[in-house]
Amino acid sequence: MKVLLNMCRHVFEYRRKLIQCRYASSRAEKNQLRILFFGTDSFSLPSLKIINENRKSGLSVSDLEVVTSFKAKKNPLKEYTKQERLALHDWPLRRTDLSRYFDLGVVVSFGHLIPEPLISAFRLGMLNVHASLLPKLRGAAPIVHAIRNGDSETGVTVMKIKPKHFDVGEVLDQRKVSISRDVLMPELHCQMAQVGASALMHCIANLDHYYANLKEQNSCDATYAPKIDAHFADIRWTEMDALQVYNLWRSLYSYKPLTTRLGQELVKIFELSFDPGSKEVDAQKQPPGLIRYCWKRKLLTVCCRDGRCVSVQQLAIGGKKAVTAQEFYNGYLSKKDPSERLFDTG
């Protein structure tokens with residue numbers, strides 16, 4: 001009886017290995033990859049979607065699972081992954097051997113440094129989509145910094161991940177993206193997410209070609225885009241010209257308001273505009289930070305370092321709700337002495 005059971009076990013084990021070999025052979029013939037995807041936010045979602053659509057079409061990807069942070073407050077990947085019935089894993093991974101079951105790791109806007117053992121466990125390593133033309137703007141907030149800097153061009157980079165450091169790996173592909181003068185951060189963010197997804201999928205589908213033509217980054221040309229700190233949104237009226245204030249507002253639009261002070265009160269500016277054709281004013285008579293109300297246009301104008309003004313349409317003071325420029329003037333500014341109608345220039 002024991003002999004018969006052992007024979008059955010051997011038969012079943014043989015059949016299991018045979019099926020695995022046939023499956024692996026089938027994947028190899030189709031050049032399909034098993035991918036473990038790491039991401040957390042709206043920038044990573046288009047990349048996950050395009051890989052999943054490829055998987056469902058039976059093209060370059062055979063298997064796809066997702067690693068994300070369950071603690072993230074706004075995490076569109078969780079909803080999409082559940083909707084598509086993909087396997088979902090919380091970060092940090094409980095299964096340290098998970099990567100061994102996949103050919104390639106893909107990281108898009110994940111925000112966590114991947115440990116070296118995890119990177120090396122992938123047969124083909126790990127790819128990352130970064131929202132700049134590396135080595136320019138390495139760091140956590142490249143789109144924000146590109147707009148704030150007044151750049152007319154940025155792009156996306158698909159690179160290999162190296163352990164211990166962010167954004168230093170060899171480059172597979174780069175695609176340029178123009179930055180128009182009035183584009184706001186959410187619009188550029190969405191555009192670059194789509195461009196990054198397209199570039200990533202092209203690299204995955206032609207991985208052998210791109211791996212044979214990897215390009216090292218020149219760290220001597222590196223610039224940086226660190227996380228947005230508590231003072232990033234502060235307006236320094238004596239140091240910034242009108243275009244710089246406008247670019248700062250565009251870079252943070254919908255993310256956080258610009259901040260300044262009027263006396264002891266914190267002021268948050270939500271809506272702002274700038275006319276590049278506006279004339280300079282006499283800086284001797286109109287110092288930086290001076291607030292004026294335009295009755296005709298029903299908005300506030302604030303003088304900047306270069307003698308030009310930005311226009312403010314919506315703002316809030318002292319932790320109160322946001323109001324229009326007209327409401328702010330009628331309810332607050334008109335009651336102050338003209339000499340006190342000056343934003344803090346410190």
# chains A, B, ... in the order shown; residues from 1 in each chain; ligands from 1
$ select_by_dssp --residues "region 254-330 of chain A" --states "helix (DSSP H, G or I)" --output "NGL selection string"
:A and (325-330)
$ closest_atom_pairs --of "region 269-340 of chain A" --to "region 164-184 of chain A" --cutoff "12 Å" --atoms "only C-alpha atoms" --output "JSON lines"
{"residue": "A:Glu271", "atom": "CA", "partner": "A:Leu184", "partner_atom": "CA", "distance": 11.7}
{"residue": "A:Leu272", "atom": "CA", "partner": "A:Asp182", "partner_atom": "CA", "distance": 11.5}
{"residue": "A:Ser273", "atom": "CA", "partner": "A:Asp182", "partner_atom": "CA", "distance": 9.3}
{"residue": "A:Phe274", "atom": "CA", "partner": "A:Asp182", "partner_atom": "CA", "distance": 9.4}
{"residue": "A:Asp275", "atom": "CA", "partner": "A:Asp182", "partner_atom": "CA", "distance": 10.5}
{"residue": "A:Pro276", "atom": "CA", "partner": "A:Arg181", "partner_atom": "CA", "distance": 10.1}
$ residues_around --residues "Lys227 (chain A)" --least-positions-apart "3" --cutoff "9 Å" --atoms "only C-alpha atoms" --output "VMD selection string"
chain A and resid 139 to 141
$ closest_residue --among "A:Tyr210, A:Phe102, A:Phe122, A:Trp249" --to "Asn149 (chain A)" --atoms "only C-alpha atoms"
A:Trp249
